[in-house]
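Just below is one structure, and these are the notes that go with it.
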Amino acid sequence: MSSSDSTSKASEAARRERRRSNSLLLALLVGFLIFGAAAGALLYALRPETLRIAVGPPESNDKKVIEAMADAFANESRTVRLKPVITEGAVEALATLRAGKAELAVGRADLEMPSDAQTIAVVRKNFVVLWSPSGLAGKGPKKKRAPKIKEVADLAGHRVGVIGRTAANASLLHVILSASGVEPDKVAITHFGTEDVEPMARDMTVDAFMAVGPLDSKITADAIAATARTRGEPKFLAIETSEAIALKHPRYESEEIPPSVFNADPAWPDDKVETVSVSHLIVARKSLSETTAAAFFRQLFAVRQAIARQVPGAVHITKPDTDKDTELPVHRGAAAVIDGNERTFLDKYGDYFWFGLLLLSAIGSAGAWLRRYLNRDEREENTSHRKRILAMIATARTAESNQDLLALQREADKIIGETLECYDDGAMEQEELAAFALVLELLSHAIAERRAALQRGILEPVRAATAQSLTPRG
């Protein structure tokens with residue numbers, strides 16, 4: 001074997017090894033790309049989302065409820081986490097939401113809300129309780145004294161002690177007075193902290209009292225009991241214009257206080273009392289995604305009982321009413337869960353699937369381009385093989401012997417083997433293989449035709465000699 005043949009075989013072996021290495025590298029690269037895209041999409045879809053929720057004041061029951069909610073979410077939830085942001089009060093909590101420093105906030109519906117605020121859930125309903133003392137009976141036979149304030153209209157010219165220092169309670173009292181035909185300026189208001197119930201009860205300048213809270217509020221019950229001990233039996237004042245208030249101010253609702261809710265014996269109140277309520281809400285801005293709001297809403301009501309075991313006030317958490325026309329609409333994410341028309345998995349993530357298909361298509365196209373780029377030497381070699389076979393066709397048609405044709409056939413067999421290896425390695429496309437097969441067929445026809453021609457050229461002299469030998473001599 002000549003040194004040139006050895007060099008040619010070594011070069012061909014090196015090219016084959018390079019093709020295999022390139023194919024393996026390409027397969028690994030495409031595999032890593034697909035795995036990375038799938039892993040990234042999975043992590044994105046399953047990652048827990050942390051929502052900041054503003055609540056205040058620091059010692060309030062609301063803060064305790066939200067902290068218990070955050071603990072329950074961390075223990076049982078894989079979708080949403082909560083991070084409480086403690087503020088000085090509900091007004092500051094809503095301001096935090098408005099500034100974009102929180103995704104959720106807890107606040108009363110009659111406070112100044114962000115313009116795009118929407119309801120996620122109702123933390124509790126706060127009922128307005130108005131009462132006046134009847135006065136202590138004098139010595140001798142016990143007699144019930146008639147209270148000097150029997151209805152809301154009698155509050156004109158008197159002072160009302162309001163439990164809670166928030167200005168929202170005073171604003172609510174002004175709404176009640178105006179709806180009842182009393183000029184708010186004619187009623188004096190004194191605010192008392194929730195810890196100042198006993199001093200309020202002993203303050204003789206206060207003629208009536210107002211509390212705003214849940215019906216099972218200990219603060220309200222203690223205040224009524226304290227005023228009863230100091231000032232006599234409470235007379236509960238009905239807000240007879242509650243329905244009109246609810247119509248004019250959608251943030252309020254018309255409600256009734258049931259009998260004996262504050263005390264059983266004696267019954268406080270002794271009959272149902274018409275009043276108004278204002279809800280304490282968890283609100284979000286409209287921009288909060290529907291999926292996130294729906295996930296939070298589902299998780300909240302899934303762990304509500306667990307929260308109530310830690311903080312009894314959490315039992316008041318309820319779903320907002322999507323049928324009522326309220327000043328604050330229900331967020332579309334929560335409304336979808338409540339109404340049972342939440343979007344399906346495909347509705348939510350169909351766009352991601354299409355994007356994934358487009359991404360995979362792009363990766364496939366990039367892989368095909370890269371494969372062609374890495375195999376550019378092999379494609380050039382395949383092109384030279386086709387040109388070589390075309391040249392062999394012309395050589396076959398002028399071959400002088402069968403040995404020359406056999407040499408061409410052996411060279412063609414070698415080229416066929418190399419070409420098939422390139423095809424198996426992915427260096428050739430189907431169209432290129434078809435073009436190669438076409439020129440190969442032309443070579444086969446040329447060799448067959450030339451072999452037949454050479455065969456005829458050998459037999460003709462033999463036939464002539466045979467015929468001459470058989471001709472009789474004269």
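Letters A, B, ... go to the chains of the structure tokens in the order shown; residues in each chain start at 1; ligands are counted from 1 in the same order.
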Inset, instruction - If you run DSSP over the backbone, which residues in segment 81-264 of chain A end up strand (DSSP E or B)? Put them as an NGL selection string. - result: :A and (81-86 or 104-108 or 117-133 or 159-163 or 188-192 or 208-213 or 234-236 or 252-257 or 263)
Inset, instruction - Give the helix (DSSP H, G or I) residues of segment 179-276 of chain A, as DSSP finds them on the backbone, and put them as a ChimeraX atom specification. - result: /A:179,184-186,197-202,218-231,242-248
Inset, instruction - Find the spatial neighbours of Ala391 of chain A, counting only C-alpha atoms, within a cut-off of 12 Å - ignore same-chain residues fewer than 5 positions away - and output them as an MDAnalysis selection string. - result: chainID A and resid 384:386 396:398 408 412 439:440 442:443 446
Legend entry - Contacts of segment 311-316 of chain A within 12 Å, only C-alpha atoms, excl. fewer than 6 positions in-chain, as an MDAnalysis selection string: chainID A and resid 60:69 71:72 121:126 213:218 279:281 300:301 303:305
I need the chosen residues saved as an mmCIF file, in the first residue's frame, with C-alpha atoms.
```cif
data_model
loop_
_atom_site.group_PDB
_atom_site.id
_atom_site.type_symbol
_atom_site.label_atom_id
_atom_site.label_comp_id
_atom_site.auth_asym_id
_atom_site.auth_seq_id
_atom_site.Cartn_x
_atom_site.Cartn_y
_atom_site.Cartn_z
ATOM 1 C CA SER A 60 -55.007 45.416 66.571
ATOM 2 C CA ASN A 61 -56.912 42.204 66.080
ATOM 3 C CA ASP A 62 -56.503 42.671 62.325
ATOM 4 C CA LYS A 63 -52.744 42.416 62.681
ATOM 5 C CA LYS A 64 -53.105 39.175 64.649
ATOM 6 C CA VAL A 65 -55.412 37.730 61.999
ATOM 7 C CA ILE A 66 -53.021 38.607 59.179
ATOM 8 C CA GLU A 67 -50.006 37.178 61.013
ATOM 9 C CA ALA A 68 -51.907 33.939 61.659
ATOM 10 C CA MET A 69 -52.902 33.926 57.999
ATOM 11 C CA ASP A 71 -48.229 31.417 59.183
ATOM 12 C CA ALA A 72 -50.994 29.196 57.807
ATOM 13 C CA ALA A 121 -62.371 39.198 50.949
ATOM 14 C CA VAL A 122 -64.393 40.539 53.880
ATOM 15 C CA VAL A 123 -62.458 40.349 57.144
ATOM 16 C CA ARG A 124 -65.519 41.234 59.230
ATOM 17 C CA LYS A 125 -68.627 43.400 59.396
ATOM 18 C CA ASN A 126 -68.567 46.305 61.836
ATOM 19 C CA GLY A 213 -67.287 46.643 65.626
ATOM 20 C CA PRO A 214 -68.396 43.028 65.243
ATOM 21 C CA LEU A 215 -71.439 41.966 67.231
ATOM 22 C CA ASP A 216 -69.289 39.657 69.341
ATOM 23 C CA SER A 217 -66.769 42.426 70.067
ATOM 24 C CA LYS A 218 -65.571 42.292 73.673
ATOM 25 C CA SER A 279 -67.134 46.094 56.229
ATOM 26 C CA HIS A 280 -63.474 45.635 57.008
ATOM 27 C CA LEU A 281 -61.918 44.385 53.768
ATOM 28 C CA LEU A 300 -57.518 31.940 52.381
ATOM 29 C CA PHE A 301 -60.748 29.973 52.635
ATOM 30 C CA VAL A 303 -57.012 27.707 55.882
ATOM 31 C CA ARG A 304 -59.688 29.921 57.461
ATOM 32 C CA GLN A 305 -60.565 27.356 60.150
#
```
Inset, instruction - Compile the contact shell of His174 of chain A as a PyMOL selection string: residues with an atom at most 7 Å away, counting only C-alpha atoms, same-chain residues fewer than 4 positions apart removed. - result: chain A and resi 170+178+184
Would you save the residues of that selection, restricted to C-alpha atoms, as an mmCIF file, in the first residue's frame?
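Written file, again00.cif:
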```cif
data_model
loop_
_atom_site.group_PDB
_atom_site.id
_atom_site.type_symbol
_atom_site.label_atom_id
_atom_site.label_comp_id
_atom_site.auth_asym_id
_atom_site.auth_seq_id
_atom_site.Cartn_x
_atom_site.Cartn_y
_atom_site.Cartn_z
ATOM 1 C CA ALA A 170 -66.948 60.434 63.505
ATOM 2 C CA SER A 178 -77.691 63.903 58.564
ATOM 3 C CA PRO A 184 -74.022 67.235 62.739
#
```
Please identify every residue of segment 87-138 of chain A that has at least one atom no farther than 6 Å from an atom of segment 233-251 of chain A, counting only C-alpha atoms, and for each give the shortest atom pair and the distance in Å to one decimal, arranged by chain then increasing number, as JSON lines.
```
{"residue": "A:Ala109", "atom": "CA", "partner": "A:Arg251", "partner_atom": "CA", "distance": 5.9}
{"residue": "A:Asp110", "atom": "CA", "partner": "A:Arg251", "partner_atom": "CA", "distance": 5.9}
{"residue": "A:Leu130", "atom": "CA", "partner": "A:Leu237", "partner_atom": "CA", "distance": 5.4}
{"residue": "A:Trp131", "atom": "CA", "partner": "A:Phe236", "partner_atom": "CA", "distance": 4.2}
{"residue": "A:Ser132", "atom": "CA", "partner": "A:Lys235", "partner_atom": "CA", "distance": 5.1}
{"residue": "A:Pro133", "atom": "CA", "partner": "A:Pro234", "partner_atom": "CA", "distance": 4.7}
{"residue": "A:Ser134", "atom": "CA", "partner": "A:Glu233", "partner_atom": "CA", "distance": 5.3}
```
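Residue nearest Phe209 of chain A, chosen from A:Val162, A:Leu438, A:Ile189, A:Leu420 and counting only C-alpha atoms: A:Val162.
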Legend entry - For atom CA of Glu256 of chain A and atom CA of Lys150 of chain A, the interatomic separation in Å (one decimal):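 Computing it gives 17.6 Å between the two atoms.
Each of A:Val187, A:Leu288, A:Ile447, A:Ala90 was checked against Val206 of chain A using only C-alpha atoms; the smallest atom-to-atom distance is that of A:Val187.
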Legend entry - Nearest to Lys324 of chain A by atom-to-atom distance, counting only C-alpha atoms, from A:Gln310, A:Phe262, A:Tyr252, A:Trp354: A:Tyr252
Inset, instruction - Counting only C-alpha atoms, figure out which residue out of A:Gln118, A:Thr205, A:Ser260, A:Ser171 gets nearest to Thr322 of chain A. - result: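 Of all the options, A:Gln118 lies closest to Thr322 of chain A.
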Inset, instruction - Using only C-alpha atoms, find the one residue out of A:Thr87, A:Ile120, A:Ile224, A:Ile363 that sits nearest to Arg298 of chain A. - result: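 Ranking A:Thr87, A:Ile120, A:Ile224, A:Ile363 by distance to Arg298 of chain A, first place goes to A:Ile120.
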Inset, instruction - Could you give me, as an MDAnalysis selection string, the residues within 9 Å of Thr79 of chain A, counting only C-alpha atoms and dropping anything in the same chain fewer than 5 positions from it? - result: chainID A and resid 46:50 73 292 295:296 299
Legend entry - Atom-to-atom span, atom CA of Ala394 of chain A and atom CA of Glu441 of chain A, Å: 13.6 Å
Inset, instruction - Quick one: pull the distance between atom CA of Leu97 of chain A and atom CA of Val212 of chain A, Å, one decimal. - result: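 Computing it gives 24.0 Å between the two atoms.
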Legend entry - Contact residues around Gln455 of chain A with only C-alpha atoms at 10 Å, ignoring same-chain residues under 6 positions, as a list in words: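 That gives Ser401, Asn402 and Glu449 of chain A.
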Just the selected residues (C-alpha atoms), exported as a PDB file, in the first residue's frame, please.
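Wrote it out as out_35.pdb, contents follow:
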```
ATOM      1  CA  SER A 401     -11.026  -2.485 -21.253  1.00  0.00           C
ATOM      2  CA  ASN A 402     -13.104  -4.221 -18.667  1.00  0.00           C
ATOM      3  CA  GLU A 449     -23.320   0.307 -21.958  1.00  0.00           C
TER       4      GLU A 449
END
```
Legend entry - Nearest-residue call for Thr291 of chain A, choices A:Glu76, A:Glu429, A:Glu342, A:Asp270, using only C-alpha atoms: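 Comparing A:Glu76, A:Glu429, A:Glu342, A:Asp270 against Thr291 of chain A, the winner is A:Glu342.
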